[in-house]
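S.K.: So I've got this file, work-v4.cif, and it contains mmCIF, C-alpha atoms:
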data_structure
#
loop_
_atom_site.label_atom_id
_atom_site.label_comp_id
_atom_site.auth_asym_id
_atom_site.auth_seq_id
_atom_site.Cartn_x
_atom_site.Cartn_y
_atom_site.Cartn_z
CA MET A 1 -117.82 38.07 245.60
CA LEU A 2 -118.87 39.49 242.28
CA SER A 3 -115.77 38.05 240.60
CA LEU A 4 -116.42 34.65 242.15
CA THR A 5 -120.02 34.64 240.96
CA LEU A 6 -119.14 35.76 237.44
CA SER A 7 -116.35 33.19 237.13
CA LEU A 8 -118.69 30.40 238.26
CA VAL A 9 -121.34 31.51 235.78
CA PHE A 10 -118.73 31.73 232.99
CA PHE A 11 -117.33 28.27 233.78
CA THR A 12 -120.84 26.80 233.97
CA CYS A 13 -121.70 28.30 230.57
CA LEU A 14 -118.55 26.76 229.08
CA LEU A 15 -119.45 23.38 230.51
CA PHE A 16 -123.02 23.57 229.21
CA LYS A 17 -121.65 24.43 225.76
CA ARG A 18 -119.74 21.13 225.82
CA LYS A 19 -123.02 19.23 226.27
CA ILE A 20 -121.95 17.49 229.46
CA SER A 21 -123.82 14.57 230.95
CA ARG A 22 -126.85 14.96 233.19
CA GLY A 23 -124.94 13.78 236.27
CA ASN A 24 -122.18 16.33 235.69
CA THR A 25 -124.78 19.05 235.14
CA ILE A 26 -126.31 18.30 238.52
CA LEU A 27 -122.84 18.31 240.08
CA ILE A 28 -122.03 21.72 238.61
CA ILE A 29 -125.32 23.22 239.72
CA ALA A 30 -124.78 21.79 243.21
CA VAL A 31 -121.28 23.30 243.42
CA VAL A 32 -122.54 26.71 242.29
CA LEU A 33 -125.43 26.61 244.78
CA LEU A 34 -123.19 25.45 247.64
CA THR A 35 -120.70 28.19 246.87
CA GLY A 36 -123.46 30.79 246.84
CA LEU A 37 -124.93 29.47 250.08
CA SER A 38 -121.57 29.37 251.84
CA VAL A 39 -120.77 32.93 250.78
CA SER A 40 -124.16 34.12 251.93
CA TRP A 41 -123.83 32.17 255.19
CA PHE A 42 -120.53 33.82 256.09
CA GLY A 43 -120.38 37.10 254.26
CA TRP A 44 -123.49 39.18 253.61
CA ASP A 45 -123.44 41.12 256.90
CA GLN A 46 -119.88 42.26 256.33
CA ILE A 47 -120.71 43.34 252.79
CA PHE A 48 -123.75 45.36 253.87
CA GLN A 49 -121.73 47.00 256.65
CA ARG A 50 -119.04 47.95 254.15
CA PHE A 51 -121.59 49.60 251.85
CA GLU A 52 -123.17 51.46 254.79
CA LYS A 53 -119.77 52.97 255.63
CA LEU A 54 -119.57 54.41 252.11
CA LYS A 55 -122.50 56.78 252.75
CA ASN A 56 -121.82 60.26 254.06
CA ALA A 57 -124.09 62.28 256.40
CA HIS A 58 -126.44 63.14 253.51
CA GLY A 59 -126.87 59.49 252.49
CA ILE A 60 -124.78 59.89 249.34
CA ILE A 61 -122.30 57.14 248.63
CA HIS A 62 -118.74 58.45 248.72
CA ASP A 63 -115.61 56.38 248.46
CA SER A 64 -112.13 57.86 248.51
CA ARG A 65 -111.16 55.49 245.73
CA LEU A 66 -113.13 57.66 243.34
CA ASP A 67 -110.83 60.55 244.27
CA PHE A 68 -107.77 58.36 243.63
CA TRP A 69 -109.16 57.47 240.20
CA LYS A 70 -109.85 61.12 239.30
CA ASP A 71 -106.32 62.08 240.30
CA SER A 72 -104.89 59.15 238.36
CA LYS A 73 -106.60 60.50 235.25
CA ASN A 74 -104.13 63.39 235.35
CA ILE A 75 -101.18 60.98 235.59
CA ILE A 76 -102.48 59.15 232.54
CA ALA A 77 -102.87 62.46 230.69
CA ASP A 78 -99.25 63.43 231.45
CA PHE A 79 -97.77 60.01 230.56
CA PRO A 80 -100.15 58.63 227.92
CA VAL A 81 -97.87 56.43 225.81
CA THR A 82 -95.29 54.90 228.15
CA GLY A 83 -96.75 55.64 231.57
CA SER A 84 -94.78 56.77 234.59
CA GLY A 85 -93.07 53.39 234.97
CA PHE A 86 -94.16 50.19 236.67
CA GLY A 87 -94.04 50.43 240.45
CA THR A 88 -93.87 54.24 240.48
CA PHE A 89 -97.48 54.99 241.45
CA ILE A 90 -96.56 55.54 245.10
CA ASP A 91 -93.90 58.06 244.07
CA VAL A 92 -95.84 59.88 241.32
CA TYR A 93 -99.30 60.07 242.92
CA PRO A 94 -98.52 62.65 245.67
CA SER A 95 -97.78 65.26 242.97
CA TYR A 96 -101.28 64.73 241.53
CA GLN A 97 -103.19 64.21 244.79
CA THR A 98 -106.04 66.70 245.18
CA VAL A 99 -107.44 65.46 248.49
CA ARG A 100 -104.92 66.38 251.15
CA GLY A 101 -104.45 64.42 254.31
CA ASP A 102 -102.22 61.91 256.02
CA ILE A 103 -103.23 59.15 253.60
CA LEU A 104 -100.38 57.36 251.85
CA VAL A 105 -101.77 56.10 248.56
CA ASN A 106 -99.58 53.31 247.20
CA HIS A 107 -102.06 51.94 244.63
CA ALA A 108 -104.92 53.33 242.55
CA HIS A 109 -107.30 50.67 243.93
CA ASN A 110 -108.22 49.85 240.34
CA ASP A 111 -105.89 47.60 238.38
CA TYR A 112 -106.82 49.03 234.99
CA ILE A 113 -106.28 52.64 236.01
CA GLU A 114 -103.01 51.79 237.74
CA LEU A 115 -101.86 49.85 234.68
CA LEU A 116 -102.66 52.82 232.42
CA SER A 117 -100.91 55.29 234.72
CA GLU A 118 -97.78 53.16 235.20
CA GLY A 119 -97.57 51.40 231.81
CA GLY A 120 -99.35 53.82 229.53
CA ILE A 121 -101.05 52.70 226.36
CA ILE A 122 -98.13 50.42 225.47
CA GLY A 123 -98.20 48.54 228.78
CA PHE A 124 -101.98 48.38 228.78
CA CYS A 125 -102.10 46.95 225.25
CA LEU A 126 -99.40 44.36 226.04
CA VAL A 127 -101.27 43.16 229.12
CA ALA A 128 -104.60 43.15 227.23
CA LEU A 129 -103.01 41.13 224.42
CA PHE A 130 -101.57 38.65 226.92
CA ILE A 131 -104.93 38.17 228.64
CA TYR A 132 -106.72 37.83 225.30
CA LEU A 133 -104.28 35.18 224.05
CA LEU A 134 -104.43 33.35 227.38
CA PHE A 135 -108.23 33.15 227.26
CA LEU A 136 -108.22 32.23 223.57
CA LYS A 137 -105.73 29.38 224.08
CA THR A 138 -107.53 28.17 227.19
CA TYR A 139 -110.89 28.22 225.40
CA LYS A 140 -109.54 26.27 222.42
CA VAL A 141 -108.00 23.63 224.66
CA PHE A 142 -111.14 23.45 226.79
CA ILE A 143 -113.39 22.89 223.77
CA THR A 144 -111.18 20.07 222.42
CA ARG A 145 -111.17 18.10 225.69
CA LYS A 146 -112.80 14.71 225.47
CA GLU A 147 -112.59 13.19 228.95
CA ALA A 148 -114.71 14.77 231.68
CA CYS A 149 -112.01 14.38 234.34
CA CYS A 150 -109.56 16.36 232.19
CA VAL A 151 -112.05 19.17 231.78
CA TYR A 152 -112.54 19.48 235.54
CA ILE A 153 -108.95 18.92 236.69
CA HIS A 154 -106.59 20.86 234.44
CA GLY A 155 -106.21 22.63 231.12
CA SER A 156 -102.89 21.65 229.59
CA GLY A 157 -102.54 21.27 225.83
CA ASP A 158 -102.27 17.49 226.09
CA ARG A 159 -105.54 15.79 225.06
CA SER A 160 -105.26 12.96 227.54
CA CYS A 161 -105.38 13.22 231.30
CA VAL A 162 -102.77 10.51 231.80
CA HIS A 163 -99.11 11.40 231.95
CA PRO A 164 -97.18 8.61 230.17
CA HIS A 165 -94.70 8.14 233.02
CA SER A 166 -97.07 8.43 235.94
CA GLN A 167 -99.12 5.73 237.60
CA PHE A 168 -100.99 8.20 239.79
CA TYR A 169 -103.19 9.64 237.08
CA ARG A 170 -104.58 6.42 235.69
CA PHE A 171 -108.38 6.37 235.78
#
Represent the structure contained in this file as structure tokens.

M.R.:
Amino acid sequence: MLSLTLSLVFFTCLLFKRKISRGNTILIIAVVLLTGLSVSWFGWDQIFQRFEKLKNAHGIIHDSRLDFWKDSKNIIADFPVTGSGFGTFIDVYPSYQTVRGDILVNHAHNDYIELLSEGGIIGFCLVALFIYLLFLKTYKVFITRKEACCVYIHGSGDRSCVHPHSQFYRF
């Protein structure tokens, strides 16, 4: 829910930067409000129940994911440059697991920590570079868009929304 909210806020900020028309501004605000209302209509009780389950008998929030992350720190320390290898978390983690039990941990439950433990600094930097270039290219294309329908529908490098051989995209 947090990711959805942040992405809607980010997209709305980008659209406001483009100085969109008043009608489109109202449309964007309506979509954001309807999304927020629909999420709150269907989901708040489940979210509050989930957070209540995180508290222990003393009222302190405890989540086993924090233990997974602490243990993963030791994997990262042992394989800092290249990592243990992509897809090996399920095999490597039991050697570093401090909380014993019947729990099979196949992921770190945090993409960044798992990426660092499996890919090391090299893998992490490659993925970070990819994401940076993806956002940079997308932002540049988004800013150069002229037609409103193109901004809302897709983000290809072509400046027009109409494919030259298609009759379906004519507006």

S.K.: Separation of atom CA of Gln46 of chain A and atom CA of Leu4 of chain A, in Å?

M.R.: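 Atom-to-atom, atom CA of Gln46 of chain A to atom CA of Leu4 of chain A, that is 16.5 Å.
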
S.K.: Written as a PyMOL selection string, which residues does the PyMOL selection byres ((chain A and resi 98) around 9) give for the file shown?

M.R.: chain A and resi 67-68+70-71+94-97+99-100

S.K.: Please write out, as lines of an AutoDock Vina configuration file, where the centre of an axis-aligned box around all listed atoms of segment 11-14 of chain A lies and how long its edges are, in Å to one decimal, after adding 8 Å on each side.

M.R.:
center_x = -119.5
center_y = 27.5
center_z = 231.5
size_x = 20.4
size_y = 17.5
size_z = 20.9

S.K.: Mind pulling up the distance from atom CA of Ile28 of chain A to atom CA of Thr12 of chain A?

M.R.: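 Going from atom CA of Thr12 of chain A over to atom CA of Ile28 of chain A, I get 7.0 Å.
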
S.K.: Report as an mmCIF file with C-alpha atoms, in the coordinates of the input all protein, DNA and RNA residues lying within 12 Å of Lys17 of chain A, evaluated on only C-alpha atoms, omitting residues in the same chain fewer than 5 positions from it.

M.R.:
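Result saved to part-v8.cif:
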data_model
loop_
_atom_site.group_PDB
_atom_site.id
_atom_site.type_symbol
_atom_site.label_atom_id
_atom_site.label_comp_id
_atom_site.auth_asym_id
_atom_site.auth_seq_id
_atom_site.Cartn_x
_atom_site.Cartn_y
_atom_site.Cartn_z
ATOM 1 C CA PHE A 10 -118.730 31.730 232.990
ATOM 2 C CA PHE A 11 -117.330 28.270 233.780
ATOM 3 C CA THR A 12 -120.840 26.800 233.970
ATOM 4 C CA THR A 25 -124.780 19.050 235.140
ATOM 5 C CA TYR A 139 -110.890 28.220 225.400
ATOM 6 C CA PHE A 142 -111.140 23.450 226.790
ATOM 7 C CA ILE A 143 -113.390 22.890 223.770
ATOM 8 C CA THR A 144 -111.180 20.070 222.420
#

S.K.: Work out how far atom CA of Val81 of chain A is from atom CA of Leu126 of chain A, in Å to one decimal.

M.R.: 12.2 Å

S.K.: From the list A:Leu8, A:Leu14, A:Phe135, A:Gln49, which residue is nearest Ala30 of chain A when using all atoms listed in the file?

M.R.: A:Leu8

S.K.: Nearest residue to Gly36 of chain A out of A:Cys13, A:Leu6, A:Ala108, A:Leu66, using all atoms listed in the file?

M.R.: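 Checking each candidate against Gly36 of chain A, we get A:Leu6 as the closest.
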
S.K.: Quick one: of A:Trp69, A:Tyr132, A:Phe48, A:Phe89, who's nearest to Gly119 of chain A, counting only C-alpha atoms?

M.R.: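 Smallest distance to Gly119 of chain A is found for A:Phe89.
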
S.K.: Restricting the calculation to only C-alpha atoms, which member of A:Ser40, A:Asp111, A:Leu34, A:Val141 is positioned closest to Val127 of chain A?

M.R.: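 Under the stated criterion, the closest residue is A:Asp111.
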
S.K.: Please expand the PyMOL selection byres ((chain A and resi 118) around 9) into the concrete residues it hits in this file, giving the result as a ChimeraX atom specification.

M.R.: /A:75-76,79,82-89,113-117,119-120,123
